[in-house]
Amino acid sequence: MDVTQELLKSNHVYTLGALGLVAILLLLSSTLSSPLSRVPGPWYTRFTDVVGRLHWMAGRKAPYIHNLHQKYGPIVRVGPREVYIADPQVVKSIFKVKNEFPKSRWYLDFVPFTITVFNTPDIPTHRRFRRLLSAPLSESGLKEFMPQIEQKVNLAIQGMAEEHKTRGAADIYKWWLYLTTDVIGELSFGESFRMLETNKINQYITDLQGAGKFGSYRSAFPSLFRFSYRFGIPLPMSSAAQAAVRRIRMYADESISRHRAIVEREGPDSRPTVFTKVYKAEDEASITQDEIRDHAQAYIVAGSDTTSNTLTYLVWAVCRNSKVKSRLVKELEVLPDDFAYEDLQQAHISYLEHVIDEVLRRFPAAPSGLPREVPQGGAELCGYHIPAGYTVTTQNYSLHRDPDAFPDPEKFDPSRWENTTQAMKDAFLPFGGGSRVCIGLHLAKIELRLGVARFFKKFPNAKMSSLEGMTDEDMVPKLFFLINPQGHRCLMELE
Ligand code: HEM
């Protein structure tokens, strides 16, 4: 190599080096001057939120965020455009009914391909859906569905008893899932999936679970998925998920059309669903057939594992603590063996309510972040200005472990609810808050009360089983958007 070439080469190296240095300086100055640069948080979150995304994929994001709160305080930066908040008073100001912070666009990646009351960030669209859909799911609206719900709870208890006889233990995780899915299936489509009768998961539910997993991946790396659609480059799980989505839609379309035909032929009272009353509302603000189909699907996703996993964790947590179990069983003695939901309401068994509240606190079905977008004008939160369009997120996993509200927060202790303080009320958001509070909470409460009371009335001696290698390890929670025991089973001895 002659001298001229060597000079040229070294000039190249200098130029590249200088460009690299300028790029680093620009990046540094933009991150240092970024609006979130003063908010406490790990250094890398000034540049990226990828660490949180990887924890999300592994089902560990909630404890990761909780550790950050413990280290950095009630507000923590988790990425260049997102903070988490764990101060209950500040959370109240985010979950307002009026002047609310809308849901972030993350929900559209998490539940893609449809727009529903669950995922829409658009406030007028949400208000329209909520206005049309709330009444049938209210306490009084649900009265007409009580016979179906009671019958299905009986089938679940019967299924558990039979399985215990033949197998030596009953998998309550499975039976509670059958129960809540069959209930919400019948209330949405007018016909149950008959999983309680057949003791089998049907294809529709398997597809829904697959689509849910796909939504989790997609919401973790939305740009990757958008890029793959735009340039037609299929990702490994995309085509299977799309086939599942097509099957789900076809099944839901057929079920809704079948039910609608019955209602048109025999009248709305023939086999009511939570949508029957809006079939006929045909003004501009009403709901279309496709929207009803999409909501039926949304209800099945939102209304099955949530309630069933709460039931599973409740029975497991109660059976691990003999004092809690004997007290619950004793208090249920006031009920006749063949009690109905009405008897349960009249009996006002406060300990049952405390046990339910404690499981919703300690094992909340939706423990992870509920992201919201800061509205026009920005917001002052925990002493920091967060600009409009940035994301503020809260998680029940942390709120429900607030030691000021819940001393010894890891302990499952229903008696803490005997003296409910304002601090406990403020930090307790198992069903979310504000205008986006869970629309299915009354249905969930009915299923929880009835399911738990019937279970402990029929099986007062229930205890954990060690059959087939079942241990508490199976119950370690995996925390995605929803909680799930990692073993996907909970075997109990019932006698
Ligand atoms: C123990 C059972 C349940 C728990 C703990 C639970 C929890 C929640 C939470 C925390 C939210 C707020 C989500 C957010 O802000 O992103 C929510 C919303 C929602 N839940 Fe539930 N849920 C339960 C049962 C049900 C049931 C049975 C249904 C059936 C209809 C249901 C349907 C919905 C819907 C549609 C929304 C969206 C509401 C809106 O944005 O206006 N949930 N739920």
# chains A, B, ... in the order shown; residues from 1 in each chain; ligands from 1
>>> residues_near_ligand(ligand="ligand 1", cutoff="7 Å", atoms="only C-alpha atoms and all ligand atoms", output="ChimeraX atom specification")
/A:117-119,126,130,184,298-300,302-304,306-307,310,360,364-366,370,429-433,435-441,443-444
>>> write_last_selection(atoms="C-alpha atoms", output="PDB file, in the first residue's frame")
ATOM      1  CA  VAL A 117     -65.513  -1.208  24.295  1.00  0.00           C
ATOM      2  CA  PHE A 118     -62.336  -2.858  25.650  1.00  0.00           C
ATOM      3  CA  ASN A 119     -59.701  -1.631  23.221  1.00  0.00           C
ATOM      4  CA  HIS A 126     -66.297   4.179  23.944  1.00  0.00           C
ATOM      5  CA  ARG A 130     -70.823   1.697  27.054  1.00  0.00           C
ATOM      6  CA  ILE A 184     -70.301 -15.941  29.211  1.00  0.00           C
ATOM      7  CA  ALA A 298     -64.378  -9.559  23.641  1.00  0.00           C
ATOM      8  CA  TYR A 299     -66.654 -10.643  26.495  1.00  0.00           C
ATOM      9  CA  ILE A 300     -65.579 -14.255  26.152  1.00  0.00           C
ATOM     10  CA  ALA A 302     -62.382 -10.760  29.158  1.00  0.00           C
ATOM     11  CA  GLY A 303     -64.954 -12.765  31.094  1.00  0.00           C
ATOM     12  CA  SER A 304     -63.532 -16.283  31.247  1.00  0.00           C
ATOM     13  CA  THR A 306     -60.321 -13.512  34.725  1.00  0.00           C
ATOM     14  CA  THR A 307     -63.095 -14.971  36.861  1.00  0.00           C
ATOM     15  CA  THR A 310     -59.755 -15.711  40.641  1.00  0.00           C
ATOM     16  CA  LEU A 360     -58.736  -9.852  44.217  1.00  0.00           C
ATOM     17  CA  PRO A 364     -55.616  -9.710  40.954  1.00  0.00           C
ATOM     18  CA  ALA A 365     -56.761 -11.238  37.659  1.00  0.00           C
ATOM     19  CA  ALA A 366     -55.379  -8.217  35.787  1.00  0.00           C
ATOM     20  CA  LEU A 370     -53.121  -0.374  32.274  1.00  0.00           C
ATOM     21  CA  LEU A 429     -58.505  -1.343  41.832  1.00  0.00           C
ATOM     22  CA  PRO A 430     -59.034  -5.010  40.852  1.00  0.00           C
ATOM     23  CA  PHE A 431     -61.627  -4.005  38.254  1.00  0.00           C
ATOM     24  CA  GLY A 432     -59.804  -0.892  37.003  1.00  0.00           C
ATOM     25  CA  GLY A 433     -61.291   2.558  37.428  1.00  0.00           C
ATOM     26  CA  SER A 435     -65.133   5.292  32.880  1.00  0.00           C
ATOM     27  CA  ARG A 436     -63.089   2.215  31.853  1.00  0.00           C
ATOM     28  CA  VAL A 437     -63.972   0.210  34.963  1.00  0.00           C
ATOM     29  CA  CYS A 438     -64.758  -3.442  34.186  1.00  0.00           C
ATOM     30  CA  ILE A 439     -68.189  -3.750  32.556  1.00  0.00           C
ATOM     31  CA  GLY A 440     -68.426  -7.387  33.742  1.00  0.00           C
ATOM     32  CA  LEU A 441     -67.763  -6.788  37.418  1.00  0.00           C
ATOM     33  CA  LEU A 443     -71.300 -10.846  36.597  1.00  0.00           C
ATOM     34  CA  ALA A 444     -67.878 -11.698  38.017  1.00  0.00           C
TER      35      ALA A 444
END
>>> closest_atom_pairs(of="range 390-470 of chain A", to="range 329-343 of chain A", cutoff="10 Å", atoms="only C-alpha atoms", output="Markdown table")
| residue | atom | partner | partner_atom | distance |
| --- | --- | --- | --- | --- |
| A:Ile446 | CA | A:Tyr341 | CA | 8.0 |
| A:Glu447 | CA | A:Tyr341 | CA | 9.8 |
| A:Arg449 | CA | A:Tyr341 | CA | 8.3 |
| A:Leu450 | CA | A:Tyr341 | CA | 6.5 |
| A:Ala453 | CA | A:Leu332 | CA | 6.9 |
| A:Arg454 | CA | A:Phe339 | CA | 8.5 |
| A:Phe455 | CA | A:Val329 | CA | 9.8 |
| A:Phe456 | CA | A:Val329 | CA | 6.1 |
| A:Lys457 | CA | A:Leu332 | CA | 6.8 |
| A:Lys458 | CA | A:Asp337 | CA | 8.1 |
| A:Phe459 | CA | A:Val329 | CA | 9.2 |
| A:Pro460 | CA | A:Val329 | CA | 6.2 |
| A:Asn461 | CA | A:Val329 | CA | 9.2 |
>>> write_last_selection(atoms="C-alpha atoms", output="compact mmCIF listing (two decimals), in the first residue's frame")
# COMPACT_ATOMS: atom_id res chain seq x y z
CA ILE A 446 -72.12 -13.25 41.12
CA GLU A 447 -69.99 -16.11 39.78
CA ARG A 449 -69.98 -15.59 45.39
CA LEU A 450 -72.02 -18.48 44.07
CA ALA A 453 -70.23 -20.70 48.51
CA ARG A 454 -71.33 -23.84 46.63
CA PHE A 455 -67.78 -25.23 46.61
CA PHE A 456 -67.16 -24.90 50.36
CA LYS A 457 -70.70 -25.96 51.22
CA LYS A 458 -70.28 -29.16 49.24
CA PHE A 459 -66.55 -29.77 49.94
CA PRO A 460 -65.81 -28.37 53.43
CA ASN A 461 -62.79 -30.69 53.76
>>> residues_around(residues="Ser255 in chain A", least_positions_apart="6", cutoff="9 Å", atoms="only C-alpha atoms", output="PyMOL selection string")
chain A and resi 189-191+293
>>> atom_distance(atom1="CA of Ala161 in chain A", atom2="CA of Ser308 in chain A")
17.7 Å
>>> closest_residue(among="A:Leu54, A:His164, A:Pro371, A:Leu208", to="Arg247 in chain A", atoms="only C-alpha atoms")
A:Leu208
>>> select_by_dssp(residues="range 437-492 of chain A", states="strand (DSSP E or B)", output="PyMOL selection string")
chain A and resi 463-464+477-479+483-485+491-492
>>> write_last_selection(atoms="N, CA, C and O atoms", output="PDB file, in the first residue's frame")
ATOM      1  N   LYS A 463     -58.785 -30.100  50.203  1.00  0.00           N
ATOM      2  CA  LYS A 463     -57.379 -29.734  50.458  1.00  0.00           C
ATOM      3  C   LYS A 463     -56.548 -29.996  49.202  1.00  0.00           C
ATOM      4  O   LYS A 463     -56.967 -30.743  48.317  1.00  0.00           O
ATOM      5  N   MET A 464     -55.362 -29.399  49.165  1.00  0.00           N
ATOM      6  CA  MET A 464     -54.465 -29.573  48.015  1.00  0.00           C
ATOM      7  C   MET A 464     -54.144 -31.039  47.811  1.00  0.00           C
ATOM      8  O   MET A 464     -53.943 -31.763  48.776  1.00  0.00           O
ATOM      9  N   PRO A 477     -47.684 -17.703  39.974  1.00  0.00           N
ATOM     10  CA  PRO A 477     -48.369 -16.975  38.910  1.00  0.00           C
ATOM     11  C   PRO A 477     -47.437 -16.546  37.773  1.00  0.00           C
ATOM     12  O   PRO A 477     -46.327 -16.077  38.022  1.00  0.00           O
ATOM     13  N   LYS A 478     -47.915 -16.751  36.539  1.00  0.00           N
ATOM     14  CA  LYS A 478     -47.278 -16.138  35.364  1.00  0.00           C
ATOM     15  C   LYS A 478     -48.081 -14.878  35.122  1.00  0.00           C
ATOM     16  O   LYS A 478     -49.319 -14.913  35.060  1.00  0.00           O
ATOM     17  N   LEU A 479     -47.392 -13.743  34.985  1.00  0.00           N
ATOM     18  CA  LEU A 479     -48.124 -12.485  34.924  1.00  0.00           C
ATOM     19  C   LEU A 479     -47.979 -11.835  33.557  1.00  0.00           C
ATOM     20  O   LEU A 479     -47.015 -11.120  33.310  1.00  0.00           O
ATOM     21  N   ILE A 483     -53.374 -12.891  35.073  1.00  0.00           N
ATOM     22  CA  ILE A 483     -52.626 -13.840  35.908  1.00  0.00           C
ATOM     23  C   ILE A 483     -52.982 -15.259  35.461  1.00  0.00           C
ATOM     24  O   ILE A 483     -54.095 -15.509  35.017  1.00  0.00           O
ATOM     25  N   ASN A 484     -52.056 -16.177  35.552  1.00  0.00           N
ATOM     26  CA  ASN A 484     -52.340 -17.575  35.244  1.00  0.00           C
ATOM     27  C   ASN A 484     -51.383 -18.457  36.040  1.00  0.00           C
ATOM     28  O   ASN A 484     -50.188 -18.182  36.030  1.00  0.00           O
ATOM     29  N   PRO A 485     -51.878 -19.504  36.722  1.00  0.00           N
ATOM     30  CA  PRO A 485     -50.932 -20.382  37.417  1.00  0.00           C
ATOM     31  C   PRO A 485     -50.053 -21.084  36.382  1.00  0.00           C
ATOM     32  O   PRO A 485     -50.572 -21.591  35.383  1.00  0.00           O
ATOM     33  N   LEU A 491     -54.983 -29.310  41.285  1.00  0.00           N
ATOM     34  CA  LEU A 491     -55.649 -30.547  41.712  1.00  0.00           C
ATOM     35  C   LEU A 491     -55.977 -30.481  43.202  1.00  0.00           C
ATOM     36  O   LEU A 491     -55.120 -30.156  44.024  1.00  0.00           O
ATOM     37  N   MET A 492     -57.241 -30.798  43.519  1.00  0.00           N
ATOM     38  CA  MET A 492     -57.683 -30.757  44.919  1.00  0.00           C
ATOM     39  C   MET A 492     -58.310 -32.083  45.319  1.00  0.00           C
ATOM     40  O   MET A 492     -59.024 -32.692  44.513  1.00  0.00           O
TER      41      MET A 492
END
>>> residues_around(residues="Tyr384 in chain A", least_positions_apart="3", cutoff="9 Å", atoms="only C-alpha atoms", output="list of chain:residue names")
A:Leu36, A:Arg38, A:Val39, A:Ile75, A:Ala379, A:Glu380, A:Leu381
>>> atom_distance(atom1="CA of Val50 in chain A", atom2="CA of Gly232 in chain A")
24.7 Å
>>> residues_around(residues="Asp404 in chain A", least_positions_apart="2", cutoff="9 Å", atoms="only C-alpha atoms", output="ChimeraX atom specification")
/A:401-402,406-407,423-424
>>> write_last_selection(atoms="N, CA and C atoms", output="JSON list (two decimals), in the first residue's frame")
[["chain", "number", "residue", "atom", "x", "y", "z"],
["A", 401, "ARG", "N", -49.95, -3.83, 46.73],
["A", 401, "ARG", "CA", -48.88, -4.17, 47.69],
["A", 401, "ARG", "C", -48.41, -2.92, 48.42],
["A", 402, "ASP", "N", -49.20, -1.85, 48.34],
["A", 402, "ASP", "CA", -48.84, -0.61, 49.02],
["A", 402, "ASP", "C", -48.85, -0.87, 50.53],
["A", 406, "PHE", "N", -51.91, -1.71, 52.95],
["A", 406, "PHE", "CA", -52.02, -3.14, 53.25],
["A", 406, "PHE", "C", -50.75, -3.63, 53.96],
["A", 407, "PRO", "N", -50.67, -3.44, 55.30],
["A", 407, "PRO", "CA", -49.48, -3.91, 56.01],
["A", 407, "PRO", "C", -49.28, -5.41, 55.76],
["A", 423, "ALA", "N", -57.44, 4.42, 52.86],
["A", 423, "ALA", "CA", -56.22, 4.10, 52.11],
["A", 423, "ALA", "C", -56.40, 2.78, 51.36],
["A", 424, "MET", "N", -57.07, 1.81, 51.99],
["A", 424, "MET", "CA", -57.30, 0.52, 51.32],
["A", 424, "MET", "C", -58.21, 0.71, 50.12]]
>>> atom_distance(atom1="CA of Leu133 in chain A", atom2="CA of Phe95 in chain A")
20.4 Å
>>> closest_residue(among="A:Phe129, A:Tyr173, A:Phe47, A:Phe412", to="Thr116 in chain A", atoms="only C-alpha atoms")
A:Phe129
>>> decode(residues="range 389-480 of chain A", atoms="C-alpha atoms", output="JSON list (two decimals), in the first residue's frame")
[["chain", "number", "residue", "atom", "x", "y", "z"],
["A", 389, "GLY", "CA", -49.21, 12.05, 24.10],
["A", 390, "TYR", "CA", -46.84, 10.34, 26.55],
["A", 391, "THR", "CA", -47.97, 7.17, 28.32],
["A", 392, "VAL", "CA", -48.75, 6.88, 32.03],
["A", 393, "THR", "CA", -49.36, 3.40, 33.35],
["A", 394, "THR", "CA", -50.46, 1.93, 36.66],
["A", 395, "GLN", "CA", -50.43, -1.66, 37.82],
["A", 396, "ASN", "CA", -52.49, -3.45, 40.44],
["A", 397, "TYR", "CA", -49.51, -5.62, 41.30],
["A", 398, "SER", "CA", -47.92, -2.54, 42.96],
["A", 399, "LEU", "CA", -51.02, -0.67, 44.16],
["A", 400, "HIS", "CA", -52.25, -3.80, 45.96],
["A", 401, "ARG", "CA", -48.88, -4.17, 47.69],
["A", 402, "ASP", "CA", -48.84, -0.61, 49.02],
["A", 403, "PRO", "CA", -47.64, -1.25, 52.61],
["A", 404, "ASP", "CA", -49.37, 1.89, 53.95],
["A", 405, "ALA", "CA", -52.73, 0.57, 52.81],
["A", 406, "PHE", "CA", -52.02, -3.14, 53.25],
["A", 407, "PRO", "CA", -49.48, -3.91, 56.01],
["A", 408, "ASP", "CA", -47.66, -7.23, 55.39],
["A", 409, "PRO", "CA", -48.92, -7.11, 51.79],
["A", 410, "GLU", "CA", -47.75, -10.58, 50.71],
["A", 411, "LYS", "CA", -49.92, -12.22, 53.41],
["A", 412, "PHE", "CA", -53.32, -13.60, 52.34],
["A", 413, "ASP", "CA", -55.40, -12.24, 55.19],
["A", 414, "PRO", "CA", -59.15, -11.73, 54.57],
["A", 415, "SER", "CA", -59.63, -10.29, 58.07],
["A", 416, "ARG", "CA", -57.79, -7.10, 57.02],
["A", 417, "TRP", "CA", -61.06, -6.13, 55.28],
["A", 418, "GLU", "CA", -62.95, -6.09, 58.61],
["A", 419, "ASN", "CA", -61.60, -2.57, 59.15],
["A", 420, "THR", "CA", -61.51, -1.15, 55.66],
["A", 421, "THR", "CA", -59.66, 2.18, 55.66],
["A", 422, "GLN", "CA", -59.82, 4.95, 53.06],
["A", 423, "ALA", "CA", -56.22, 4.10, 52.11],
["A", 424, "MET", "CA", -57.30, 0.52, 51.32],
["A", 425, "LYS", "CA", -60.21, 1.72, 49.18],
["A", 426, "ASP", "CA", -57.95, 4.13, 47.28],
["A", 427, "ALA", "CA", -55.29, 1.54, 46.52],
["A", 428, "PHE", "CA", -57.69, -1.27, 45.57],
["A", 429, "LEU", "CA", -58.51, -1.34, 41.83],
["A", 430, "PRO", "CA", -59.03, -5.01, 40.85],
["A", 431, "PHE", "CA", -61.63, -4.01, 38.25],
["A", 432, "GLY", "CA", -59.80, -0.89, 37.00],
["A", 433, "GLY", "CA", -61.29, 2.56, 37.43],
["A", 434, "GLY", "CA", -63.12, 5.59, 36.06],
["A", 435, "SER", "CA", -65.13, 5.29, 32.88],
["A", 436, "ARG", "CA", -63.09, 2.22, 31.85],
["A", 437, "VAL", "CA", -63.97, 0.21, 34.96],
["A", 438, "CYS", "CA", -64.76, -3.44, 34.19],
["A", 439, "ILE", "CA", -68.19, -3.75, 32.56],
["A", 440, "GLY", "CA", -68.43, -7.39, 33.74],
["A", 441, "LEU", "CA", -67.76, -6.79, 37.42],
["A", 442, "HIS", "CA", -71.31, -7.62, 38.57],
["A", 443, "LEU", "CA", -71.30, -10.85, 36.60],
["A", 444, "ALA", "CA", -67.88, -11.70, 38.02],
["A", 445, "LYS", "CA", -69.06, -11.03, 41.59],
["A", 446, "ILE", "CA", -72.12, -13.25, 41.12],
["A", 447, "GLU", "CA", -69.99, -16.11, 39.78],
["A", 448, "LEU", "CA", -67.43, -15.67, 42.56],
["A", 449, "ARG", "CA", -69.98, -15.59, 45.39],
["A", 450, "LEU", "CA", -72.02, -18.48, 44.07],
["A", 451, "GLY", "CA", -69.02, -20.58, 43.01],
["A", 452, "VAL", "CA", -67.16, -20.19, 46.32],
["A", 453, "ALA", "CA", -70.23, -20.70, 48.51],
["A", 454, "ARG", "CA", -71.33, -23.84, 46.63],
["A", 455, "PHE", "CA", -67.78, -25.23, 46.61],
["A", 456, "PHE", "CA", -67.16, -24.90, 50.36],
["A", 457, "LYS", "CA", -70.70, -25.96, 51.22],
["A", 458, "LYS", "CA", -70.28, -29.16, 49.24],
["A", 459, "PHE", "CA", -66.55, -29.77, 49.94],
["A", 460, "PRO", "CA", -65.81, -28.37, 53.43],
["A", 461, "ASN", "CA", -62.79, -30.69, 53.76],
["A", 462, "ALA", "CA", -61.18, -29.80, 50.44],
["A", 463, "LYS", "CA", -57.38, -29.73, 50.46],
["A", 464, "MET", "CA", -54.47, -29.57, 48.02],
["A", 465, "SER", "CA", -53.68, -32.82, 46.27],
["A", 466, "SER", "CA", -50.23, -34.18, 45.51],
["A", 467, "LEU", "CA", -51.60, -36.51, 42.84],
["A", 468, "GLU", "CA", -49.72, -36.54, 39.51],
["A", 469, "GLY", "CA", -46.90, -34.49, 41.06],
["A", 470, "MET", "CA", -49.11, -31.46, 41.83],
["A", 471, "THR", "CA", -47.32, -28.94, 44.12],
["A", 472, "ASP", "CA", -47.53, -25.25, 45.01],
["A", 473, "GLU", "CA", -44.96, -24.72, 42.21],
["A", 474, "ASP", "CA", -47.84, -25.23, 39.76],
["A", 475, "MET", "CA", -49.60, -22.25, 41.30],
["A", 476, "VAL", "CA", -46.71, -19.77, 40.90],
["A", 477, "PRO", "CA", -48.37, -16.98, 38.91],
["A", 478, "LYS", "CA", -47.28, -16.14, 35.36],
["A", 479, "LEU", "CA", -48.12, -12.48, 34.92],
["A", 480, "PHE", "CA", -48.98, -11.40, 31.41]]
